[in-house]
2 protein chains.
Amino acid sequence: MMDLIKDLAVQNHSKIVLLVADGLGGLPAAPGGPTELEAAATPNLDALVAGNVCGLSIPVAPGITPGSGPGHLGLFGYDPLRCSIGRGVLEALGIDFDLGSDDVAARGNFCTVGPNGEITDRRAGRISTDVGRRLVEKLRATRIDGVEVFVEPVRDYRFVLVLRGPGLEAEIDDTDPGRTGVPPRPPTARSPGSERTAALIGSFVEQAAAILEDEHPANMITLRGIARRPPMPSFEEAYRLRAAAIAVYPMYRGLARLVGMTILAPGSNWGEQVAALREHWEAYDFFFLHYKYTDAAGEDGDFDRKVKCIEEFDGQVGAVADLQPDVLIVTGDHSTPAALRNHSWHPVPVVLAARSCRPDAATTFGEAQCLHGGLGQIEAKYLLPLALAHAGRLAKFGA
Amino acid sequence: MMDLIKDLAVQNHSKIVLLVADGLGGLPAAPGGPTELEAAATPNLDALVAGNVCGLSIPVAPGITPGSGPGHLGLFGYDPLRCSIGRGVLEALGIDFDLGSDDVAARGNFCTVGPNGEITDRRAGRISTDVGRRLVEKLRATRIDGVEVFVEPVRDYRFVLVLRGPGLEAEIDDTDPGRTGVPPRPPTARSPGSERTAALIGSFVEQAAAILEDEHPANMITLRGIARRPPMPSFEEAYRLRAAAIAVYPMYRGLARLVGMTILAPGSNWGEQVAALREHWEAYDFFFLHYKYTDAAGEDGDFDRKVKCIEEFDGQVGAVADLQPDVLIVTGDHSTPAALRNHSWHPVPVVLAARSCRPDAATTFGEAQCLHGGLGQIEAKYLLPLALAHAGRLAKFGA
């Protein structure tokens, strides 16, 4: 499908906007009641639904609950089952680290080891972010021949390790054994091509152990999710779109960077994000705007707050529509029902507004109406091709 | 998808029940009329539908009419287009033969050959089951070096041949030429790895010909569908489910055995099957119950009897619901409309009941209401992942 889209994509002057309300989909708080989205007053979204087409987006596949990575890759038109993002890469993206396509990234934990090298605390007593920063500073003294080493703090006992240089591979097992009472494992290559990188990482670990020897409780490290960026064409290569992202949280900027979007300064709230959209309107073909707080409220199990967040989100949708994008898609990367306090697998309401859409009978934006919408239940990865089509950016397939 | 599920599956204490009414889906007897399911009084199923989610299950793909094998593999979460079950294997399963993963099975026919070895009757005058049994007994005198040989009667002129031993392969053509006037073909290997097995089967055929020489009309055999079990992970491996099957007919026990389910004594009717479920409730995580008579009535073209069978099936659904499984799925492996007197490709009504389901507007169990259900039209192979999700048995995919 991606190869087909690459072949068919053409350029024009149309504008496409994708608004993502994280964790938008929900469940009723009580049997027979409305979902969060159905309970919310959403005049702008309803107006969008009324004259256009809606449906339910399946983030990955039925029953699969996605994290933010697969959830967004699907919305960006990539098959989330084929492009999987390693934990180390995601951790690097989450701190706005500009990961190169050949870099190898790993998630690091400070830990405590006993006199025989056995792990006694996998999180080093959950040291504070300040202590973590100081220790990361010390780890920056490590040197590896022919490779640039980056060590970056994340939070508490967590950090990111990135190696940059030619010929690195990342088929390497975690050094974290996942339990206490045993020493960290050596970084072991799962393929011959990764043996050199495993040795380099081994050298880093050895130096780190020496550097941390006299620290307490964080006298050792473990590494997990050693990975490179998945090979994916950029938005420019795949779709011929100059794409920009406006997201407050680094993780979503990182995911956008992964597909070659330009990262715009987002301001610090939803209103400022939409103001940034207006400001940069002329310079790009595609805009991805990410709104985080719907998901956060859902994860807190706070139905009412999620309703309020949806209303705040809706409050700026009119301003976006006023820019008259040729295609405007509003959806979520997954559901986060307050009732489950977690991401879930339930399909996510989606509305697509464009002059060329075939309207359906839906008049308000909610799960029940979207179930009968004109898009049907559609895998998220097809929304981007649909957007291109409605924007007049996909040529005919075959003669 | 299966690899993903294997990675994400976790254990907990939830219970999942899958009730399969064979050939459940139907068609109206007259234009504008109800289907068999819609005509049936199904208070228990309707109660299930009312507070939960329903839809239509596509057994394999649009337009594809499945046999029992692909129909059930789909419901068990395996892609029926990738895991195909050879005819010989299905025949062995159908007589409760406990087929090992390295066994090679073939469906055998007794046939009649003329003086020049040409087949004159491919079914040996449809000899009776008694005669078939006597001849099978004689064939058990065959001996093949290094291989255990099983010959088992099926019915009339049909039998099963199973070879058991190391290194057997089954890329071997049928010996049945499919028409009269020509002699049986030699068993010919389609791959170098199968040449030895083809030679062993050739030896069996030669011995059988000698043994049957003086019989009439069954003086020869042909073999078809020479096959091994498809390589598939078991329910335990794929889903971390301790699974049990309760089925009256051997074919369905065989299909369940193929995916590693424990076969429980089913009694001889639907009430006893559900009693067995109750009895073994604590010992398993997943239960598959198979009800045969809906399909049989459909194949007989008996609309009214199929309605009665559906009502009998419904009569025990309340007792199953009373066990309070965390997830209860009720569906069929395919449609068998009485109007067609045969299996068909039509999507099959399905209802999924769980606390975490997003309810839809359906209030009774039938094709028309299921068409607008919240599951949409869903490939059967996704029902098992959905069940795992609703049971809290699938971890998040990606971070």
# chains A, B, ... in the order shown; residues from 1 in each chain; ligands from 1
$ closest_atom_pairs --of "chain A" --to "chain B" --cutoff "10 Å" --atoms "only C-alpha atoms" --output "tab-separated table"
residue	atom	partner	partner_atom	distance
A:Gly26	CA	B:Arg358	CA	8.3
A:Leu27	CA	B:Arg358	CA	5.9
A:Pro28	CA	B:Arg358	CA	7.5
A:Pro31	CA	B:Gly51	CA	7.6
A:Gly32	CA	B:Pro359	CA	7.8
A:Gly33	CA	B:Pro359	CA	9.7
A:Thr35	CA	B:Arg358	CA	9.0
A:Leu56	CA	B:Gly374	CA	10.0
A:Val60	CA	B:Phe397	CA	9.1
A:Ala61	CA	B:Tyr382	CA	7.9
A:Pro62	CA	B:Tyr382	CA	6.0
A:Gly63	CA	B:Leu386	CA	4.1
A:Ile64	CA	B:Phe397	CA	6.9
A:Thr65	CA	B:Lys396	CA	5.0
A:Pro66	CA	B:Phe397	CA	4.8
A:Gly67	CA	B:Ala399	CA	4.3
A:Ser68	CA	B:Ala399	CA	5.9
A:Gly69	CA	B:Ala399	CA	6.2
A:Pro70	CA	B:Gly398	CA	6.3
A:Gly71	CA	B:Gly398	CA	8.8
A:Pro80	CA	B:Gly398	CA	9.5
A:Leu81	CA	B:Met1	CA	7.7
A:Ser84	CA	B:Gly398	CA	7.6
A:Ile85	CA	B:Gly398	CA	7.2
A:Gly86	CA	B:Gly398	CA	7.9
A:Arg87	CA	B:Ala399	CA	7.1
A:Leu90	CA	B:Ala399	CA	7.5
A:Glu91	CA	B:Ala399	CA	9.1
A:Pro337	CA	B:Ser356	CA	9.5
A:Ala339	CA	B:Ser356	CA	8.3
A:Leu340	CA	B:Ser356	CA	7.8
A:Asn342	CA	B:Lys396	CA	9.6
A:His343	CA	B:Lys396	CA	7.8
A:Ser344	CA	B:Lys396	CA	8.1
A:Trp345	CA	B:Ala389	CA	7.4
A:His346	CA	B:Arg358	CA	7.7
A:Pro347	CA	B:Leu375	CA	9.5
A:Glu367	CA	B:Arg358	CA	8.8
A:Ala368	CA	B:Asp360	CA	7.0
A:Leu371	CA	B:Gly374	CA	6.6
A:His372	CA	B:His372	CA	7.4
A:Gly376	CA	B:Gly376	CA	8.1
A:Gln377	CA	B:Gly376	CA	7.0
$ write_last_selection --atoms "N, CA and C atoms" --output "compact mmCIF listing (two decimals), in the first residue's frame"
# COMPACT_ATOMS: atom_id res chain seq x y z
N GLY A 26 -13.96 6.51 24.02
CA GLY A 26 -14.28 6.19 25.40
C GLY A 26 -15.35 5.14 25.56
N LEU A 27 -15.85 5.04 26.78
CA LEU A 27 -16.92 4.11 27.14
C LEU A 27 -17.90 4.84 28.05
N PRO A 28 -19.13 4.34 28.12
CA PRO A 28 -20.08 4.95 29.06
C PRO A 28 -19.60 4.78 30.50
N PRO A 31 -24.02 1.80 32.46
CA PRO A 31 -24.73 1.15 31.34
C PRO A 31 -25.81 2.06 30.76
N GLY A 32 -25.83 2.17 29.45
CA GLY A 32 -26.85 2.98 28.79
C GLY A 32 -26.51 4.46 28.72
N GLY A 33 -25.44 4.87 29.39
CA GLY A 33 -25.08 6.28 29.40
C GLY A 33 -24.21 6.66 28.20
N THR A 35 -20.77 8.11 26.24
CA THR A 35 -19.32 8.12 26.42
C THR A 35 -18.88 9.55 26.74
N LEU A 56 -15.30 5.07 12.47
CA LEU A 56 -14.51 4.62 13.61
C LEU A 56 -13.16 4.13 13.10
N VAL A 60 -4.78 -0.34 15.27
CA VAL A 60 -3.83 -1.34 14.75
C VAL A 60 -4.59 -2.53 14.16
N ALA A 61 -5.34 -3.20 14.99
CA ALA A 61 -6.17 -4.34 14.59
C ALA A 61 -7.13 -4.59 15.74
N PRO A 62 -8.23 -5.30 15.49
CA PRO A 62 -9.20 -5.52 16.56
C PRO A 62 -8.54 -6.16 17.79
N GLY A 63 -8.80 -5.58 18.93
CA GLY A 63 -8.28 -6.14 20.17
C GLY A 63 -6.91 -5.63 20.57
N ILE A 64 -6.21 -4.97 19.67
CA ILE A 64 -4.85 -4.51 19.97
C ILE A 64 -4.89 -3.09 20.55
N THR A 65 -4.38 -2.96 21.75
CA THR A 65 -4.27 -1.66 22.42
C THR A 65 -2.92 -1.05 22.08
N PRO A 66 -2.90 0.07 21.38
CA PRO A 66 -1.61 0.62 21.00
C PRO A 66 -1.05 1.58 22.03
N GLY A 67 0.27 1.61 22.13
CA GLY A 67 0.94 2.73 22.78
C GLY A 67 0.93 3.91 21.83
N SER A 68 1.53 5.03 22.26
CA SER A 68 1.54 6.23 21.44
C SER A 68 2.25 6.01 20.11
N GLY A 69 3.31 5.19 20.12
CA GLY A 69 4.08 4.97 18.90
C GLY A 69 3.23 4.36 17.80
N PRO A 70 2.75 3.11 17.98
CA PRO A 70 1.92 2.49 16.93
C PRO A 70 0.66 3.30 16.64
N GLY A 71 0.09 3.92 17.68
CA GLY A 71 -1.13 4.71 17.48
C GLY A 71 -0.90 5.84 16.48
N PRO A 80 1.43 -0.01 11.41
CA PRO A 80 2.09 -0.12 12.71
C PRO A 80 2.56 -1.53 13.03
N LEU A 81 2.06 -2.52 12.29
CA LEU A 81 2.55 -3.89 12.52
C LEU A 81 3.89 -4.12 11.81
N SER A 84 7.83 -1.20 13.66
CA SER A 84 7.75 -1.13 15.11
C SER A 84 8.93 -0.31 15.63
N ILE A 85 8.64 0.47 16.64
CA ILE A 85 9.60 1.42 17.19
C ILE A 85 10.13 0.86 18.50
N GLY A 86 11.43 0.65 18.57
CA GLY A 86 12.03 0.09 19.78
C GLY A 86 11.91 1.04 20.95
N ARG A 87 11.94 0.48 22.13
CA ARG A 87 11.79 1.24 23.38
C ARG A 87 12.86 2.32 23.51
N LEU A 90 11.99 5.23 21.26
CA LEU A 90 10.86 5.98 21.79
C LEU A 90 11.31 6.85 22.97
N GLU A 91 12.19 6.29 23.79
CA GLU A 91 12.70 7.05 24.95
C GLU A 91 13.49 8.27 24.47
N PRO A 337 -10.65 5.06 27.68
CA PRO A 337 -11.89 5.24 28.45
C PRO A 337 -11.57 5.48 29.92
N ALA A 339 -13.36 4.73 32.22
CA ALA A 339 -13.80 3.52 32.92
C ALA A 339 -12.67 2.49 33.03
N LEU A 340 -11.72 2.52 32.11
CA LEU A 340 -10.63 1.53 32.13
C LEU A 340 -9.32 2.13 32.67
N ASN A 342 -6.99 3.54 31.23
CA ASN A 342 -5.88 3.03 30.45
C ASN A 342 -6.18 3.17 28.96
N HIS A 343 -5.14 3.12 28.14
CA HIS A 343 -5.36 2.96 26.70
C HIS A 343 -6.23 1.72 26.50
N SER A 344 -6.98 1.71 25.38
CA SER A 344 -7.73 0.49 25.07
C SER A 344 -7.75 0.26 23.57
N TRP A 345 -8.32 -0.83 23.19
CA TRP A 345 -8.38 -1.30 21.80
C TRP A 345 -9.63 -0.80 21.07
N HIS A 346 -10.53 -0.14 21.76
CA HIS A 346 -11.80 0.24 21.13
C HIS A 346 -11.56 1.21 19.98
N PRO A 347 -12.32 1.04 18.89
CA PRO A 347 -12.16 1.96 17.76
C PRO A 347 -12.44 3.42 18.17
N GLU A 367 -19.34 8.13 19.54
CA GLU A 367 -19.09 6.75 19.17
C GLU A 367 -20.30 6.12 18.47
N ALA A 368 -21.51 6.34 19.00
CA ALA A 368 -22.68 5.66 18.43
C ALA A 368 -22.97 6.17 17.02
N LEU A 371 -20.37 4.95 14.50
CA LEU A 371 -20.53 3.54 14.13
C LEU A 371 -21.30 3.40 12.82
N HIS A 372 -22.17 4.36 12.55
CA HIS A 372 -22.96 4.29 11.33
C HIS A 372 -22.49 5.30 10.27
N GLY A 376 -17.25 3.91 7.84
CA GLY A 376 -17.32 2.59 8.43
C GLY A 376 -16.29 2.44 9.54
N GLN A 377 -15.89 1.19 9.78
CA GLN A 377 -14.80 0.95 10.72
C GLN A 377 -13.57 0.76 9.85
$ residues_around --residues "region 92-107 of chain B" --least-positions-apart "5" --cutoff "7 Å" --atoms "only C-alpha atoms" --output "PDB file with C-alpha atoms, in the first residue's frame"
ATOM      1  CA  ARG B  87      -7.928 -33.634   3.706  1.00  0.00           C
ATOM      2  CA  VAL B 154     -14.235 -44.290   8.486  1.00  0.00           C
ATOM      3  CA  PHE B 159     -10.617 -45.301   5.521  1.00  0.00           C
ATOM      4  CA  VAL B 160      -7.685 -43.376   6.966  1.00  0.00           C
ATOM      5  CA  LEU B 161      -4.030 -44.274   6.574  1.00  0.00           C
ATOM      6  CA  VAL B 162      -1.525 -42.832   9.028  1.00  0.00           C
ATOM      7  CA  LEU B 163       2.237 -43.329   8.933  1.00  0.00           C
ATOM      8  CA  ARG B 164       4.186 -42.489  12.062  1.00  0.00           C
ATOM      9  CA  GLY B 165       7.947 -42.249  12.280  1.00  0.00           C
ATOM     10  CA  LEU B 168       8.202 -38.171   7.149  1.00  0.00           C
ATOM     11  CA  ALA B 170       3.867 -35.120   2.861  1.00  0.00           C
ATOM     12  CA  LEU B 223      -5.158 -42.325  -1.481  1.00  0.00           C
ATOM     13  CA  ARG B 224      -5.960 -38.616  -1.414  1.00  0.00           C
ATOM     14  CA  GLY B 225      -5.052 -35.540   0.603  1.00  0.00           C
ATOM     15  CA  ILE B 226      -1.750 -36.909   1.914  1.00  0.00           C
ATOM     16  CA  ALA B 227      -0.840 -34.382   4.577  1.00  0.00           C
ATOM     17  CA  ARG B 228       0.706 -33.511   7.912  1.00  0.00           C
ATOM     18  CA  ARG B 229      -0.755 -31.265  10.581  1.00  0.00           C
ATOM     19  CA  PRO B 250     -15.317 -36.134  16.663  1.00  0.00           C
ATOM     20  CA  MET B 251     -14.428 -33.697  13.863  1.00  0.00           C
ATOM     21  CA  GLY B 254     -10.181 -33.126  16.418  1.00  0.00           C
ATOM     22  CA  LEU B 255      -9.986 -29.490  15.390  1.00  0.00           C
TER      23      LEU B 255
END
$ select_by_dssp --residues "region 88-300 of chain B" --states "alpha helix (DSSP H)" --output "ChimeraX atom specification"
/B:88-93,129-139,195-212,235-239,250-258,270-279,293-299
$ closest_residue --among "A:Met2, A:Ala265, A:Val330, A:Ala391" --to "Cys54 (chain A)" --atoms "only C-alpha atoms"
A:Val330
$ closest_residue --among "A:Val317, A:Ala354, A:Leu289, A:Ala296" --to "Ser14 (chain A)" --atoms "only C-alpha atoms"
A:Ala354
$ residues_around --residues "Lys292 (chain A)" --least-positions-apart "5" --cutoff "8 Å" --atoms "only C-alpha atoms" --output "PyMOL selection string"
chain A and resi 21-22+248-249
$ atom_distance --atom1 "CA of Arg126 (chain B)" --atom2 "CA of Leu200 (chain B)"
27.5 Å
$ closest_residue --among "A:Asp326, A:Glu272, A:Asp302, A:Glu152" --to "Val136 (chain A)" --atoms "only C-alpha atoms"
A:Glu152
$ select_by_dssp --residues "region 250-303 of chain B" --states "strand (DSSP E or B)" --output "PyMOL selection string"
chain B and resi 262-263+286-291
$ write_last_selection --atoms "all heavy atoms" --output "mmCIF file, in the first residue's frame"
data_model
loop_
_atom_site.group_PDB
_atom_site.id
_atom_site.type_symbol
_atom_site.label_atom_id
_atom_site.label_comp_id
_atom_site.auth_asym_id
_atom_site.auth_seq_id
_atom_site.Cartn_x
_atom_site.Cartn_y
_atom_site.Cartn_z
ATOM 1 N N THR B 262 -7.679 -29.371 25.594
ATOM 2 C CA THR B 262 -8.004 -30.618 26.267
ATOM 3 C C THR B 262 -9.430 -31.010 25.883
ATOM 4 O O THR B 262 -10.319 -30.162 25.860
ATOM 5 C CB THR B 262 -7.926 -30.434 27.796
ATOM 6 O OG1 THR B 262 -6.595 -30.052 28.127
ATOM 7 C CG2 THR B 262 -8.300 -31.715 28.522
ATOM 8 N N ILE B 263 -9.636 -32.284 25.563
ATOM 9 C CA ILE B 263 -10.957 -32.729 25.147
ATOM 10 C C ILE B 263 -11.697 -33.273 26.366
ATOM 11 O O ILE B 263 -11.251 -34.228 26.991
ATOM 12 C CB ILE B 263 -10.839 -33.832 24.072
ATOM 13 C CG1 ILE B 263 -9.904 -33.387 22.942
ATOM 14 C CG2 ILE B 263 -12.222 -34.214 23.554
ATOM 15 C CD1 ILE B 263 -10.298 -32.094 22.254
ATOM 16 N N PHE B 286 -10.265 -21.162 29.105
ATOM 17 C CA PHE B 286 -11.010 -20.980 27.856
ATOM 18 C C PHE B 286 -11.794 -22.247 27.560
ATOM 19 O O PHE B 286 -11.257 -23.348 27.668
ATOM 20 C CB PHE B 286 -10.024 -20.707 26.713
ATOM 21 C CG PHE B 286 -10.680 -20.544 25.362
ATOM 22 C CD1 PHE B 286 -10.990 -19.278 24.871
ATOM 23 C CD2 PHE B 286 -10.984 -21.653 24.564
ATOM 24 C CE1 PHE B 286 -11.586 -19.120 23.622
ATOM 25 C CE2 PHE B 286 -11.589 -21.501 23.319
ATOM 26 C CZ PHE B 286 -11.890 -20.232 22.855
ATOM 27 N N PHE B 287 -13.043 -22.077 27.179
ATOM 28 C CA PHE B 287 -13.883 -23.223 26.825
ATOM 29 C C PHE B 287 -14.500 -23.013 25.447
ATOM 30 O O PHE B 287 -15.056 -21.948 25.165
ATOM 31 C CB PHE B 287 -15.013 -23.392 27.845
ATOM 32 C CG PHE B 287 -14.548 -23.718 29.227
ATOM 33 C CD1 PHE B 287 -14.249 -22.707 30.129
ATOM 34 C CD2 PHE B 287 -14.402 -25.038 29.648
ATOM 35 C CE1 PHE B 287 -13.816 -22.990 31.412
ATOM 36 C CE2 PHE B 287 -13.977 -25.341 30.936
ATOM 37 C CZ PHE B 287 -13.679 -24.309 31.813
ATOM 38 N N PHE B 288 -14.398 -24.040 24.625
ATOM 39 C CA PHE B 288 -15.047 -24.056 23.314
ATOM 40 C C PHE B 288 -16.145 -25.106 23.368
ATOM 41 O O PHE B 288 -15.879 -26.277 23.616
ATOM 42 C CB PHE B 288 -14.004 -24.379 22.234
ATOM 43 C CG PHE B 288 -14.552 -24.993 20.975
ATOM 44 C CD1 PHE B 288 -15.525 -24.335 20.216
ATOM 45 C CD2 PHE B 288 -14.067 -26.215 20.519
ATOM 46 C CE1 PHE B 288 -16.017 -24.907 19.043
ATOM 47 C CE2 PHE B 288 -14.545 -26.787 19.344
ATOM 48 C CZ PHE B 288 -15.531 -26.138 18.605
ATOM 49 N N LEU B 289 -17.393 -24.665 23.164
ATOM 50 C CA LEU B 289 -18.520 -25.605 23.130
ATOM 51 C C LEU B 289 -19.111 -25.603 21.728
ATOM 52 O O LEU B 289 -19.431 -24.533 21.179
ATOM 53 C CB LEU B 289 -19.604 -25.202 24.134
ATOM 54 C CG LEU B 289 -19.413 -25.718 25.568
ATOM 55 C CD1 LEU B 289 -18.299 -24.933 26.256
ATOM 56 C CD2 LEU B 289 -20.717 -25.628 26.358
ATOM 57 N N HIS B 290 -19.261 -26.780 21.166
ATOM 58 C CA HIS B 290 -19.743 -26.903 19.798
ATOM 59 C C HIS B 290 -21.118 -27.567 19.759
ATOM 60 O O HIS B 290 -21.303 -28.658 20.301
ATOM 61 C CB HIS B 290 -18.756 -27.740 18.971
ATOM 62 C CG HIS B 290 -19.202 -27.902 17.550
ATOM 63 N ND1 HIS B 290 -19.941 -28.992 17.123
ATOM 64 C CD2 HIS B 290 -19.044 -27.099 16.471
ATOM 65 C CE1 HIS B 290 -20.213 -28.839 15.835
ATOM 66 N NE2 HIS B 290 -19.672 -27.718 15.416
ATOM 67 N N TYR B 291 -22.063 -26.877 19.115
ATOM 68 C CA TYR B 291 -23.422 -27.402 18.944
ATOM 69 C C TYR B 291 -23.631 -27.686 17.457
ATOM 70 O O TYR B 291 -23.511 -26.795 16.616
ATOM 71 C CB TYR B 291 -24.428 -26.362 19.439
ATOM 72 C CG TYR B 291 -25.870 -26.765 19.264
ATOM 73 C CD1 TYR B 291 -26.498 -27.597 20.183
ATOM 74 C CD2 TYR B 291 -26.605 -26.301 18.170
ATOM 75 C CE1 TYR B 291 -27.827 -27.967 20.025
ATOM 76 C CE2 TYR B 291 -27.933 -26.671 17.999
ATOM 77 C CZ TYR B 291 -28.538 -27.506 18.929
ATOM 78 O OH TYR B 291 -29.851 -27.867 18.759
#
$ atom_distance --atom1 "CA of Gln369 (chain A)" --atom2 "CA of Asp322 (chain A)"
24.5 Å
$ residues_around --residues "Leu139 (chain A)" --least-positions-apart "4" --cutoff "9 Å" --atoms "only C-alpha atoms" --output "list in words"
Arg134, Leu135, Val151, Phe204, Gln207, Ala208, Ile211 and Leu212 of chain A
$ residues_around --residues "Asp304 (chain B)" --least-positions-apart "3" --cutoff "9 Å" --atoms "only C-alpha atoms" --output "list of chain:residue names"
B:Glu36, B:Ala39, B:Ala40, B:Ala297, B:Val307, B:Lys308, B:Cys309, B:Ala338
$ closest_residue --among "A:Phe313, A:Asn219, A:Ala209, A:Ala50" --to "Thr363 (chain A)" --atoms "only C-alpha atoms"
A:Ala50
$ atom_distance --atom1 "CA of Leu264 (chain B)" --atom2 "CA of Arg242 (chain B)"
12.6 Å
$ closest_residue --among "B:Asp145, B:Gly178, B:Gly108, B:Asn116" --to "Tyr157 (chain B)" --atoms "only C-alpha atoms"
B:Gly108
$ closest_residue --among "B:Arg158, B:Arg143, B:Arg393, B:Lys15" --to "Thr129 (chain B)" --atoms "only C-alpha atoms"
B:Arg158
